[in-house]
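Containing mmCIF, C-alpha atoms and all ligand atoms: query04.cif.
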```cif
data_start
loop_
_atom_site.label_atom_id
_atom_site.label_comp_id
_atom_site.auth_asym_id
_atom_site.auth_seq_id
_atom_site.Cartn_x
_atom_site.Cartn_y
_atom_site.Cartn_z
CA MET A 1 96.26 33.77 90.66
CA LYS A 2 96.86 33.40 94.37
CA GLY A 3 98.91 30.25 94.83
CA THR A 4 102.64 30.12 95.49
CA PHE A 5 104.72 27.37 93.94
CA THR A 6 107.97 26.12 92.49
CA TYR A 7 107.92 24.81 88.96
CA SER A 8 110.38 22.52 87.26
CA ASN A 9 110.09 19.46 85.08
CA PRO A 10 113.14 17.27 84.63
CA THR A 11 111.89 15.11 81.72
CA ARG A 12 113.36 15.78 78.27
CA LEU A 13 110.87 15.02 75.49
CA HIS A 14 111.47 14.05 71.90
CA PHE A 15 108.24 14.47 69.96
CA GLY A 16 107.15 13.67 66.43
CA GLU A 17 107.55 11.19 63.61
CA GLU A 18 110.83 9.33 63.87
CA ALA A 19 111.49 10.62 67.40
CA LEU A 20 112.82 7.13 68.10
CA GLY A 21 115.95 8.29 66.27
CA LYS A 22 116.78 10.25 69.45
CA LEU A 23 116.98 7.11 71.59
CA ALA A 24 120.60 6.32 70.79
CA GLY A 25 121.72 9.76 71.94
CA GLU A 26 119.81 9.39 75.19
CA LEU A 27 121.22 5.91 75.87
CA ALA A 28 124.73 7.28 75.67
CA GLY A 29 124.14 9.06 78.97
CA PHE A 30 123.67 5.86 80.97
CA GLY A 31 125.70 2.80 81.97
CA PRO A 32 125.87 -0.47 80.01
CA VAL A 33 123.01 -2.49 81.53
CA VAL A 34 119.49 -1.63 80.36
CA MET A 35 116.36 -3.33 81.63
CA LEU A 36 113.83 -3.36 78.80
CA SER A 37 110.36 -3.36 80.34
CA TYR A 38 107.34 -3.84 78.12
CA GLY A 39 103.78 -5.12 78.05
CA LYS A 40 102.26 -8.27 76.70
CA ALA A 41 102.29 -8.45 72.91
CA SER A 42 101.77 -5.10 71.22
CA ILE A 43 105.39 -4.01 70.74
CA LYS A 44 106.37 -7.35 69.21
CA LYS A 45 103.38 -7.28 66.85
CA SER A 46 104.07 -3.72 65.72
CA GLY A 47 107.80 -4.28 65.16
CA LEU A 48 108.77 -1.68 67.75
CA TYR A 49 110.50 -4.30 69.88
CA ASP A 50 112.89 -5.15 67.02
CA ARG A 51 113.61 -1.49 66.34
CA VAL A 52 114.41 -0.77 70.00
CA MET A 53 116.55 -3.92 70.34
CA GLU A 54 118.54 -2.89 67.30
CA ILE A 55 119.21 0.54 68.81
CA LEU A 56 120.20 -1.03 72.14
CA ARG A 57 122.55 -3.49 70.43
CA ALA A 58 124.13 -0.78 68.31
CA ALA A 59 124.70 1.22 71.49
CA GLY A 60 126.56 -1.76 72.99
CA LYS A 61 124.08 -2.26 75.83
CA THR A 62 123.51 -5.46 77.77
CA VAL A 63 119.75 -5.96 77.72
CA VAL A 64 117.84 -7.45 80.63
CA GLU A 65 114.45 -8.48 79.27
CA ASP A 66 111.46 -7.67 81.44
CA PRO A 67 108.30 -8.56 79.49
CA GLY A 68 104.69 -9.03 80.56
CA VAL A 69 103.83 -5.77 82.31
CA MET A 70 100.05 -5.97 82.46
CA PRO A 71 97.55 -3.11 82.16
CA ASN A 72 97.03 -1.86 85.73
CA PRO A 73 100.39 -3.31 86.87
CA THR A 74 100.28 -5.47 89.98
CA VAL A 75 102.30 -5.46 93.15
CA GLU A 76 103.54 -8.99 92.34
CA LYS A 77 104.98 -7.79 89.03
CA LEU A 78 106.51 -4.79 90.79
CA ARG A 79 108.31 -7.06 93.28
CA GLU A 80 109.50 -9.35 90.47
CA GLY A 81 110.81 -6.39 88.45
CA ALA A 82 112.56 -4.93 91.49
CA ARG A 83 114.37 -8.22 92.08
CA LEU A 84 115.40 -8.46 88.42
CA ALA A 85 116.71 -4.88 88.38
CA ARG A 86 118.66 -5.32 91.60
CA GLU A 87 120.17 -8.69 90.67
CA ASN A 88 121.34 -7.37 87.31
CA LYS A 89 122.53 -4.02 88.68
CA VAL A 90 120.72 -2.23 85.87
CA ASP A 91 121.78 1.29 84.95
CA LEU A 92 118.57 2.31 83.19
CA ILE A 93 115.01 1.01 82.99
CA LEU A 94 113.70 1.58 79.48
CA ALA A 95 109.89 1.42 79.52
CA VAL A 96 108.42 0.74 76.07
CA GLY A 97 104.63 0.81 76.15
CA GLY A 98 101.65 2.65 77.59
CA GLY A 99 101.14 4.30 80.94
CA SER A 100 101.14 0.97 82.73
CA VAL A 101 104.68 0.16 81.62
CA CYS A 102 105.90 3.69 82.44
CA ASP A 103 104.22 3.64 85.86
CA TYR A 104 105.62 0.21 86.60
CA ALA A 105 109.13 1.28 85.57
CA LYS A 106 108.98 4.17 88.03
CA GLY A 107 107.76 1.79 90.74
CA VAL A 108 110.66 -0.57 90.04
CA SER A 109 113.10 2.34 90.02
CA VAL A 110 112.38 3.05 93.69
CA ALA A 111 111.61 -0.53 94.74
CA ALA A 112 114.83 -2.19 93.51
CA TYR A 113 116.96 -1.00 96.42
CA CYS A 114 114.20 -0.64 98.99
CA ASP A 115 114.87 -2.75 102.11
CA ALA A 116 111.23 -2.71 103.20
CA ASP A 117 108.24 -3.95 101.20
CA PRO A 118 107.84 -1.26 98.50
CA TRP A 119 104.02 -1.55 98.41
CA GLU A 120 103.73 -0.86 102.13
CA LYS A 121 106.43 1.79 102.25
CA TYR A 122 105.82 3.79 99.08
CA TYR A 123 102.17 3.19 98.18
CA VAL A 124 100.40 2.61 101.52
CA ARG A 125 102.48 4.70 103.93
CA MET A 126 103.62 7.14 101.18
CA GLU A 127 107.05 7.54 102.79
CA PRO A 128 109.71 9.67 101.10
CA VAL A 129 112.17 7.74 98.94
CA ASP A 130 115.39 7.22 100.91
CA ASN A 131 117.17 4.58 98.83
CA ALA A 132 118.99 4.59 95.49
CA ILE A 133 116.76 5.25 92.46
CA ILE A 134 117.37 3.66 89.06
CA PRO A 135 116.79 6.15 86.22
CA VAL A 136 113.88 5.56 83.84
CA GLY A 137 113.40 6.41 80.18
CA CYS A 138 110.20 5.90 78.18
CA VAL A 139 109.18 5.13 74.64
CA LEU A 140 105.46 5.81 74.77
CA THR A 141 102.96 3.80 72.70
CA MET A 142 99.66 5.03 74.11
CA ALA A 143 98.53 8.59 74.85
CA GLY A 144 96.54 9.19 78.02
CA THR A 145 98.17 8.97 81.42
CA GLY A 146 100.85 11.65 81.18
CA SER A 147 103.17 9.15 82.86
CA GLU A 148 105.82 10.05 80.28
CA MET A 149 106.44 13.40 81.99
CA ASN A 150 105.31 13.00 85.58
CA GLY A 151 106.17 11.20 88.80
CA GLY A 152 102.97 9.13 88.93
CA SER A 153 103.05 5.40 89.47
CA VAL A 154 99.78 3.52 89.98
CA ILE A 155 100.01 -0.04 91.30
CA THR A 156 97.20 -2.53 91.93
CA ASN A 157 97.12 -4.99 94.80
CA HIS A 158 94.37 -7.49 93.98
CA ALA A 159 94.77 -9.39 97.26
CA VAL A 160 93.57 -6.39 99.27
CA LYS A 161 91.54 -4.86 96.39
CA ARG A 162 93.38 -1.56 96.38
CA LYS A 163 94.70 0.44 93.43
CA ILE A 164 96.93 3.22 94.69
CA GLY A 165 98.65 6.03 92.82
CA ARG A 166 101.83 7.47 94.25
CA VAL A 167 103.22 10.71 92.90
CA PHE A 168 106.99 10.64 93.29
CA GLY A 169 109.27 13.67 93.09
CA ASP A 170 111.58 14.93 90.35
CA ALA A 171 114.16 12.17 90.87
CA VAL A 172 111.66 9.55 89.70
CA PHE A 173 110.31 11.41 86.66
CA PRO A 174 111.49 9.79 83.41
CA ARG A 175 114.85 11.28 82.42
CA PHE A 176 113.62 11.28 78.83
CA SER A 177 110.55 10.24 76.88
CA ILE A 178 110.16 9.50 73.20
CA LEU A 179 106.75 10.49 71.84
CA ASP A 180 106.15 9.42 68.26
CA PRO A 181 102.42 9.57 67.49
CA VAL A 182 102.90 6.95 64.76
CA LEU A 183 103.66 4.42 67.52
CA THR A 184 100.14 4.94 68.88
CA LEU A 185 98.37 4.18 65.59
CA THR A 186 98.20 0.42 66.26
CA LEU A 187 96.24 0.99 69.46
CA PRO A 188 92.78 -0.65 69.50
CA ARG A 189 89.99 1.92 69.21
CA TYR A 190 88.65 1.11 72.69
CA GLN A 191 92.04 1.91 74.27
CA MET A 192 92.44 5.03 72.14
CA VAL A 193 89.16 6.60 73.26
CA ALA A 194 89.73 5.47 76.85
CA GLY A 195 93.03 7.36 76.69
CA CYS A 196 91.22 10.44 75.41
CA PHE A 197 88.87 10.37 78.36
CA ASP A 198 91.76 9.87 80.78
CA VAL A 199 93.22 13.10 79.41
CA MET A 200 89.89 14.93 79.74
CA SER A 201 89.55 13.73 83.29
CA HIS A 202 93.05 14.82 84.25
CA ILE A 203 92.36 18.31 82.94
CA LEU A 204 88.93 18.58 84.56
CA GLU A 205 90.12 17.38 87.93
CA GLN A 206 92.60 20.23 88.03
CA TYR A 207 90.17 22.72 86.49
CA LEU A 208 87.14 22.14 88.74
CA SER A 209 88.52 23.76 91.86
CA GLY A 210 89.25 27.21 93.18
CA THR A 211 87.53 30.53 92.59
CA ASP A 212 90.40 32.86 91.70
CA ASP A 213 91.23 34.05 88.19
CA ASN A 214 94.01 31.63 87.33
CA THR A 215 96.13 31.26 84.18
CA SER A 216 96.16 27.49 84.71
CA ASP A 217 92.40 27.39 84.05
CA TYR A 218 92.77 29.18 80.72
CA ILE A 219 95.47 26.70 79.68
CA ALA A 220 93.17 23.87 80.76
CA GLU A 221 90.35 25.21 78.61
CA GLY A 222 92.61 25.39 75.57
CA LEU A 223 93.77 21.82 76.15
CA MET A 224 90.17 20.59 76.51
CA ARG A 225 89.03 22.31 73.33
CA SER A 226 91.92 20.81 71.39
CA LEU A 227 91.20 17.38 72.87
CA VAL A 228 87.47 17.43 72.07
CA HIS A 229 88.24 18.56 68.52
CA SER A 230 90.97 15.98 67.89
CA SER A 231 89.21 13.10 69.64
CA ARG A 232 86.21 13.53 67.35
CA ILE A 233 88.45 13.35 64.30
CA ALA A 234 90.39 10.37 65.70
CA ALA A 235 87.22 8.49 66.64
CA ALA A 236 85.96 8.83 63.08
CA ASN A 237 89.37 8.06 61.56
CA PRO A 238 91.85 6.55 64.03
CA GLN A 239 94.66 6.77 61.47
CA ASP A 240 94.52 10.59 61.27
CA TYR A 241 98.09 11.51 62.25
CA GLU A 242 97.37 15.16 62.96
CA ALA A 243 94.56 14.35 65.39
CA ARG A 244 96.56 11.59 67.07
CA SER A 245 99.62 13.81 67.47
CA ASN A 246 97.52 16.58 69.03
CA ILE A 247 95.99 14.06 71.43
CA MET A 248 99.45 12.81 72.40
CA TRP A 249 100.79 16.29 73.10
CA THR A 250 97.64 17.32 74.97
CA ALA A 251 97.89 14.19 77.11
CA THR A 252 101.41 15.13 78.18
CA TRP A 253 100.45 18.67 79.17
CA ALA A 254 97.29 17.51 80.91
CA LEU A 255 99.29 15.84 83.65
CA ASN A 256 102.86 17.05 83.78
CA THR A 257 102.20 19.29 86.83
CA LEU A 258 101.82 22.57 84.86
CA ILE A 259 98.05 23.13 85.01
CA ALA A 260 97.85 22.29 88.70
CA LYS A 261 100.10 25.21 89.52
CA GLY A 262 98.57 27.74 91.87
CA LYS A 263 95.49 25.58 92.41
CA THR A 264 93.93 23.00 94.64
CA THR A 265 92.79 19.93 92.72
CA ASP A 266 89.82 17.59 93.01
CA TRP A 267 90.85 14.04 91.87
CA MET A 268 87.74 12.31 93.29
CA VAL A 269 86.84 10.90 89.85
CA HIS A 270 90.25 9.22 89.80
CA MET A 271 89.84 7.98 93.36
CA MET A 272 86.52 6.34 92.45
CA GLY A 273 87.83 5.09 89.10
CA GLN A 274 90.88 3.52 90.73
CA SER A 275 88.73 1.72 93.26
CA VAL A 276 86.53 0.45 90.44
CA GLY A 277 89.73 -0.72 88.77
CA ALA A 278 90.80 -2.61 91.89
CA PHE A 279 87.55 -4.59 91.76
CA THR A 280 87.15 -5.04 87.99
CA ASP A 281 90.62 -4.57 86.44
CA ALA A 282 88.77 -2.53 83.79
CA THR A 283 90.54 -0.12 81.41
CA HIS A 284 91.51 2.98 83.40
CA GLY A 285 89.96 5.66 81.18
CA MET A 286 86.69 3.75 81.01
CA THR A 287 86.43 3.56 84.79
CA LEU A 288 86.63 7.35 84.84
CA ALA A 289 84.04 7.70 82.08
CA ALA A 290 81.59 5.54 84.03
CA VAL A 291 81.69 7.66 87.18
CA THR A 292 82.24 11.22 85.91
CA LEU A 293 78.74 12.47 85.08
CA PRO A 294 77.04 11.30 88.32
CA TYR A 295 79.93 12.81 90.30
CA PHE A 296 79.75 16.11 88.41
CA ARG A 297 75.98 16.32 88.91
CA HIS A 298 76.60 15.85 92.63
CA ILE A 299 79.20 18.62 92.97
CA LEU A 300 77.70 21.02 90.42
CA PRO A 301 75.68 23.12 92.90
CA TYR A 302 78.83 23.76 94.95
CA GLY A 303 80.97 24.89 92.02
CA LEU A 304 78.25 26.36 89.83
CA PRO A 305 80.18 29.36 88.40
CA LYS A 306 82.98 27.08 87.18
CA PHE A 307 80.55 24.59 85.66
CA VAL A 308 78.89 27.50 83.84
CA ARG A 309 82.28 28.65 82.54
CA TYR A 310 83.09 25.07 81.47
CA ALA A 311 79.78 24.81 79.59
CA ARG A 312 80.28 28.10 77.80
CA VAL A 313 83.99 27.96 76.98
CA VAL A 314 84.50 24.26 76.27
CA TRP A 315 81.08 23.26 74.95
CA GLY A 316 79.92 26.56 73.46
CA ILE A 317 76.63 26.61 75.35
CA ASP A 318 74.65 29.79 74.67
CA PRO A 319 73.49 31.20 78.02
CA ALA A 320 70.67 33.32 76.52
CA GLY A 321 67.40 32.65 78.29
CA LYS A 322 68.91 30.05 80.63
CA SER A 323 69.56 30.08 84.36
CA ASP A 324 73.12 29.36 85.50
CA GLU A 325 72.09 25.87 86.48
CA GLU A 326 70.55 25.24 83.08
CA VAL A 327 73.73 26.41 81.35
CA ALA A 328 75.86 24.16 83.56
CA LEU A 329 73.62 21.14 82.98
CA ALA A 330 73.55 21.80 79.23
CA GLY A 331 77.36 21.65 79.37
CA LEU A 332 77.21 18.23 80.98
CA GLU A 333 74.70 17.07 78.35
CA ALA A 334 77.07 18.23 75.61
CA MET A 335 79.86 16.36 77.32
CA LYS A 336 77.70 13.23 77.48
CA ALA A 337 76.91 13.50 73.76
CA TRP A 338 80.63 13.73 73.02
CA MET A 339 81.31 10.70 75.20
CA GLN A 340 78.68 8.72 73.32
CA GLU A 341 79.95 9.95 69.97
CA ILE A 342 83.51 8.76 70.54
CA GLY A 343 82.44 5.46 72.11
CA LEU A 344 82.99 5.72 75.85
CA VAL A 345 81.11 3.67 78.42
CA LEU A 346 78.61 5.50 80.61
CA SER A 347 77.95 2.96 83.33
CA LEU A 348 79.79 0.68 85.70
CA ARG A 349 77.71 -2.26 84.53
CA GLU A 350 79.43 -2.08 81.14
CA LEU A 351 82.74 -2.68 82.95
CA GLY A 352 81.61 -5.84 84.70
CA ALA A 353 80.95 -4.19 88.07
CA THR A 354 78.03 -5.61 90.02
CA PRO A 355 75.98 -4.00 92.78
CA ASP A 356 77.44 -6.33 95.42
CA MET A 357 80.79 -4.57 94.82
CA LEU A 358 79.37 -1.17 95.80
CA ASP A 359 80.36 -1.25 99.47
CA GLY A 360 83.89 -2.35 98.67
CA ILE A 361 84.38 0.18 95.87
CA ALA A 362 83.11 2.97 98.12
CA GLU A 363 85.38 1.89 100.97
CA GLY A 364 88.36 1.70 98.61
CA THR A 365 87.77 5.27 97.40
CA PHE A 366 90.20 7.60 99.13
CA LEU A 367 88.55 10.87 100.12
CA LEU A 368 90.45 13.93 98.95
CA ARG A 369 89.52 17.46 99.95
CA GLY A 370 90.59 19.81 97.15
CA GLY A 371 87.39 20.08 95.11
CA TYR A 372 84.17 22.06 95.38
CA LYS A 373 82.62 19.52 97.78
CA PRO A 374 85.39 18.81 100.28
CA ASP A 375 83.17 17.16 102.90
CA LEU A 376 82.37 13.98 100.97
CA THR A 377 81.91 10.82 103.00
CA THR A 378 82.14 7.15 102.08
CA ALA A 379 78.35 6.97 102.34
CA LYS A 380 77.99 9.85 99.84
CA ILE A 381 80.47 8.17 97.51
CA ARG A 382 78.38 5.02 97.69
CA LEU A 383 75.29 6.99 96.62
CA ILE A 384 77.19 8.54 93.71
CA LEU A 385 78.46 5.10 92.69
CA GLU A 386 74.92 3.73 92.81
CA ALA A 387 73.97 6.36 90.24
CA CYS A 388 76.76 5.05 87.99
CA PHE A 389 75.04 1.69 87.40
O1 LIG A 401 100.48 -4.92 76.99
P1 LIG A 401 100.47 -4.53 75.57
O2 LIG A 401 100.48 -5.70 74.66
O3 LIG A 401 101.53 -3.52 75.24
O4 LIG A 401 99.02 -3.84 75.26
C1 LIG A 401 98.60 -2.61 75.82
C2 LIG A 401 97.52 -2.79 76.86
O5 LIG A 401 96.80 -3.97 76.65
C3 LIG A 401 97.89 -1.84 74.75
N1 LIG A 401 98.74 -0.98 73.96
C4 LIG A 401 99.50 0.05 74.38
N2 LIG A 401 100.08 0.66 73.33
C5 LIG A 401 99.68 0.01 72.22
C6 LIG A 401 98.84 -1.05 72.62
N3 LIG A 401 98.26 -1.89 71.73
C7 LIG A 401 98.53 -1.71 70.43
N4 LIG A 401 99.32 -0.69 69.97
C8 LIG A 401 99.90 0.18 70.83
N5 LIG A 401 100.63 1.19 70.36
O6 LIG A 401 96.94 -1.03 75.42
C9 LIG A 401 96.56 -1.65 76.63
C10 LIG A 401 96.52 -0.64 77.71
O7 LIG A 401 97.80 -0.13 78.00
P2 LIG A 401 98.08 0.63 79.37
O8 LIG A 401 99.52 0.99 79.40
O9 LIG A 401 97.53 -0.17 80.49
O10 LIG A 401 97.18 1.92 79.22
P3 LIG A 401 97.33 3.37 79.81
O11 LIG A 401 98.37 4.13 79.08
O12 LIG A 401 95.98 3.93 79.86
O13 LIG A 401 97.85 3.14 81.32
C11 LIG A 401 96.95 2.83 82.35
C12 LIG A 401 97.63 2.81 83.70
O14 LIG A 401 98.16 4.10 84.02
C13 LIG A 401 97.67 4.51 85.30
C14 LIG A 401 96.31 3.85 85.35
O15 LIG A 401 95.77 3.80 86.64
C15 LIG A 401 96.61 2.49 84.79
O16 LIG A 401 97.16 1.64 85.77
N6 LIG A 401 97.71 5.98 85.40
C16 LIG A 401 98.88 6.61 85.57
C17 LIG A 401 98.98 7.97 85.78
C18 LIG A 401 100.23 8.68 86.01
N7 LIG A 401 101.38 8.07 85.89
O17 LIG A 401 100.23 9.86 86.30
C19 LIG A 401 97.80 8.80 85.84
C20 LIG A 401 96.60 8.17 85.24
O18 LIG A 401 95.49 8.79 85.86
C21 LIG A 401 96.48 6.73 85.44
O19 LIG A 401 95.91 6.52 86.69
ZN ZN A 402 94.06 8.91 84.71
#
```

Would you give me this structure, written as structure tokens?
Amino acid sequence: MKGTFTYSNPTRLHFGEEALGKLAGELAGFGPVVMLSYGKASIKKSGLYDRVMEILRAAGKTVVEDPGVMPNPTVEKLREGARLARENKVDLILAVGGGSVCDYAKGVSVAAYCDADPWEKYYVRMEPVDNAIIPVGCVLTMAGTGSEMNGGSVITNHAVKRKIGRVFGDAVFPRFSILDPVLTLTLPRYQMVAGCFDVMSHILEQYLSGTDDNTSDYIAEGLMRSLVHSSRIAAANPQDYEARSNIMWTATWALNTLIAKGKTTDWMVHMMGQSVGAFTDATHGMTLAAVTLPYFRHILPYGLPKFVRYARVVWGIDPAGKSDEEVALAGLEAMKAWMQEIGLVLSLRELGATPDMLDGIAEGTFLLRGGYKPDLTTAKIRLILEACF
């Protein structure tokens, strides 16, 4: 391992059945005004809304309701939430929902007291945060993004067709997150498997880089093996608590900064997926599933030893009688079979993308340089995207 780094993670997690019982204790650490941010309908349908309101009332909090956070939260909603938080002088933003609600809450936490336009300042220009930050806590209802224990906040601006992820520092990480796998059991199957692929993609985009012998890669392999195992069980029986709890815990560790330590990272699948999202508003994990295999086939010759290791360790490919390239490709075939088995999409067409969007999606794909093929161009991205139809 050759990298040098500092590691800390400020989020306190409460995991397991009935973890919601820890919310009251966490609330005691904050002032009286709580902004309750949530999505469209799921927490009311499941009864979680009533349970959280009861805990807030019992804690004597004044609740500022902030409903309607949409999947792939928009810049308009961010501005509205920032105004609401500022006007009500909220002491804590409590995000109850999936990654979208958590991401949005973090965006609001820095936007509320920002004098400039937060989209331009924090998402386009990526300036450091220099205003007051409202603390965030999460009650997570969907496993996938890792937003419960990271500084990520992805916001979509439909007017300019850009979906941009900002990774904020420690001060913006959730102060606490409640992870009860039971709360994820009401998730529609499509969202559940999309979340599984989001997790896989997070791990792979940190794994497929570098050439040194790195502990982070061994951790990544363990996480991937657990995820493949549990996702198969969950796809066959979504109510399997053990599988769902493993998926939830794996999701957190896939993107809470640990497995990126000492490494460069790739993230081009996310850059393409986010641009697809800006044009289609499709489910995040599915956008990644649609672009992954063509992208991997493109970079495979440049990172062949790692693709061979991935095929052998994660997919159990027997190398006997095969060239390295054959082993690596067999790994991708095994991955494809798993994707089909659990019900992921394999093409952009399935997400409503049309070929006339290709230029725009390619232009909206930010080029990052940490992977095995650091000299990608927008024209190359367009070719890879073409292969995703
Ligand atoms: O709005 P409601 O009614 O709550 O419905 C949601 C939504 O429609 C529903 N849902 C969530 N939990 C449920 C449930 N339905 C029934 N039962 C439950 N328990 O699921 C739908 C999708 O929710 P969403 O929060 O959008 O999904 P996800 O957790 O995948 O979040 C996606 C967002 O996170 C960003 C993505 O780009 C996308 O905008 N990401 C954030 C990252 C980060 N913070 O580090 C990294 C990721 O790569 C990702 O980019
Ligand atoms: Zn993701």

Practice item. Could you give me the residues within 8 Å of ligand LIG 401 (chain A), counting only C-alpha atoms and all ligand atoms, as a PyMOL selection string? Key: chain A and resi 38-43+46+68-73+97-103+140-148+150-156+163+165+167+183-188+191+194-195+198+202+255+270+274+277+283-285

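Of the listed residues (A:Thr257, A:Ser230, A:Thr377, A:Ser201), A:Ser201 comes nearest to ligand ZN 402 (chain A); the distances count only C-alpha atoms and all ligand atoms.
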
Could you give me, as a compact mmCIF listing (two decimals) with C-alpha atoms, in the frame of the given file, the residues within 9 Å of A:Met200, counting all atoms listed in the file and dropping anything in the same chain fewer than 4 positions from it?
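Final file, out-v1.txt:
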```txt
# COMPACT_ATOMS: atom_id res chain seq x y z
CA GLY A 144 96.54 9.19 78.02
CA GLY A 195 93.03 7.36 76.69
CA CYS A 196 91.22 10.44 75.41
CA LEU A 204 88.93 18.58 84.56
CA GLU A 205 90.12 17.38 87.93
CA LEU A 223 93.77 21.82 76.15
CA MET A 224 90.17 20.59 76.51
CA LEU A 227 91.20 17.38 72.87
CA VAL A 228 87.47 17.43 72.07
CA ALA A 251 97.89 14.19 77.11
CA ALA A 254 97.29 17.51 80.91
```

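The protein and nucleic acid residues lying at most 9 Å from A:Arg225 are A:Ala220, A:Glu221, A:Gly222, A:Val228, A:His229, A:Ser230, A:Val313, A:Val314, A:Trp315, with all atoms listed in the file considered and sequence neighbours fewer than 3 positions away removed.
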
**Study point:** Polymer residues at most 8 Å from A:Asn88, all atoms listed in the file, same-chain spacing of 4 or more positions, as a ChimeraX atom specification
**Key:** /A:33,64,84

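One distance worth recording is that between atom CA of A:Ala85 and atom CA of A:Lys22, which is 24.2 Å.
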
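Distances to ligand ZN 402 (chain A) were evaluated for A:Ala159, A:Tyr295, A:Trp267, A:Val172 using all atoms listed in the file, and the minimum falls at A:Trp267.
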
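With distances restricted to only C-alpha atoms, A:Ile178 is the closest residue to A:Val52 from A:Ser109, A:Arg12, A:Pro118, A:Ile178.
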
Check your understanding: Which residue gives the smallest distance to ligand ZN 402 (chain A) among A:Ile384, A:Met272, A:Ile299, A:Val345, with all atoms listed in the file counted?
Key ->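 For ligand ZN 402 (chain A), the nearest of the candidates is A:Met272.
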
Review point. Just how far from atom CA of A:Arg51 is atom CA of A:Gly16, in Å to one decimal?
Key: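 Distance between the two atoms: 16.5 Å.
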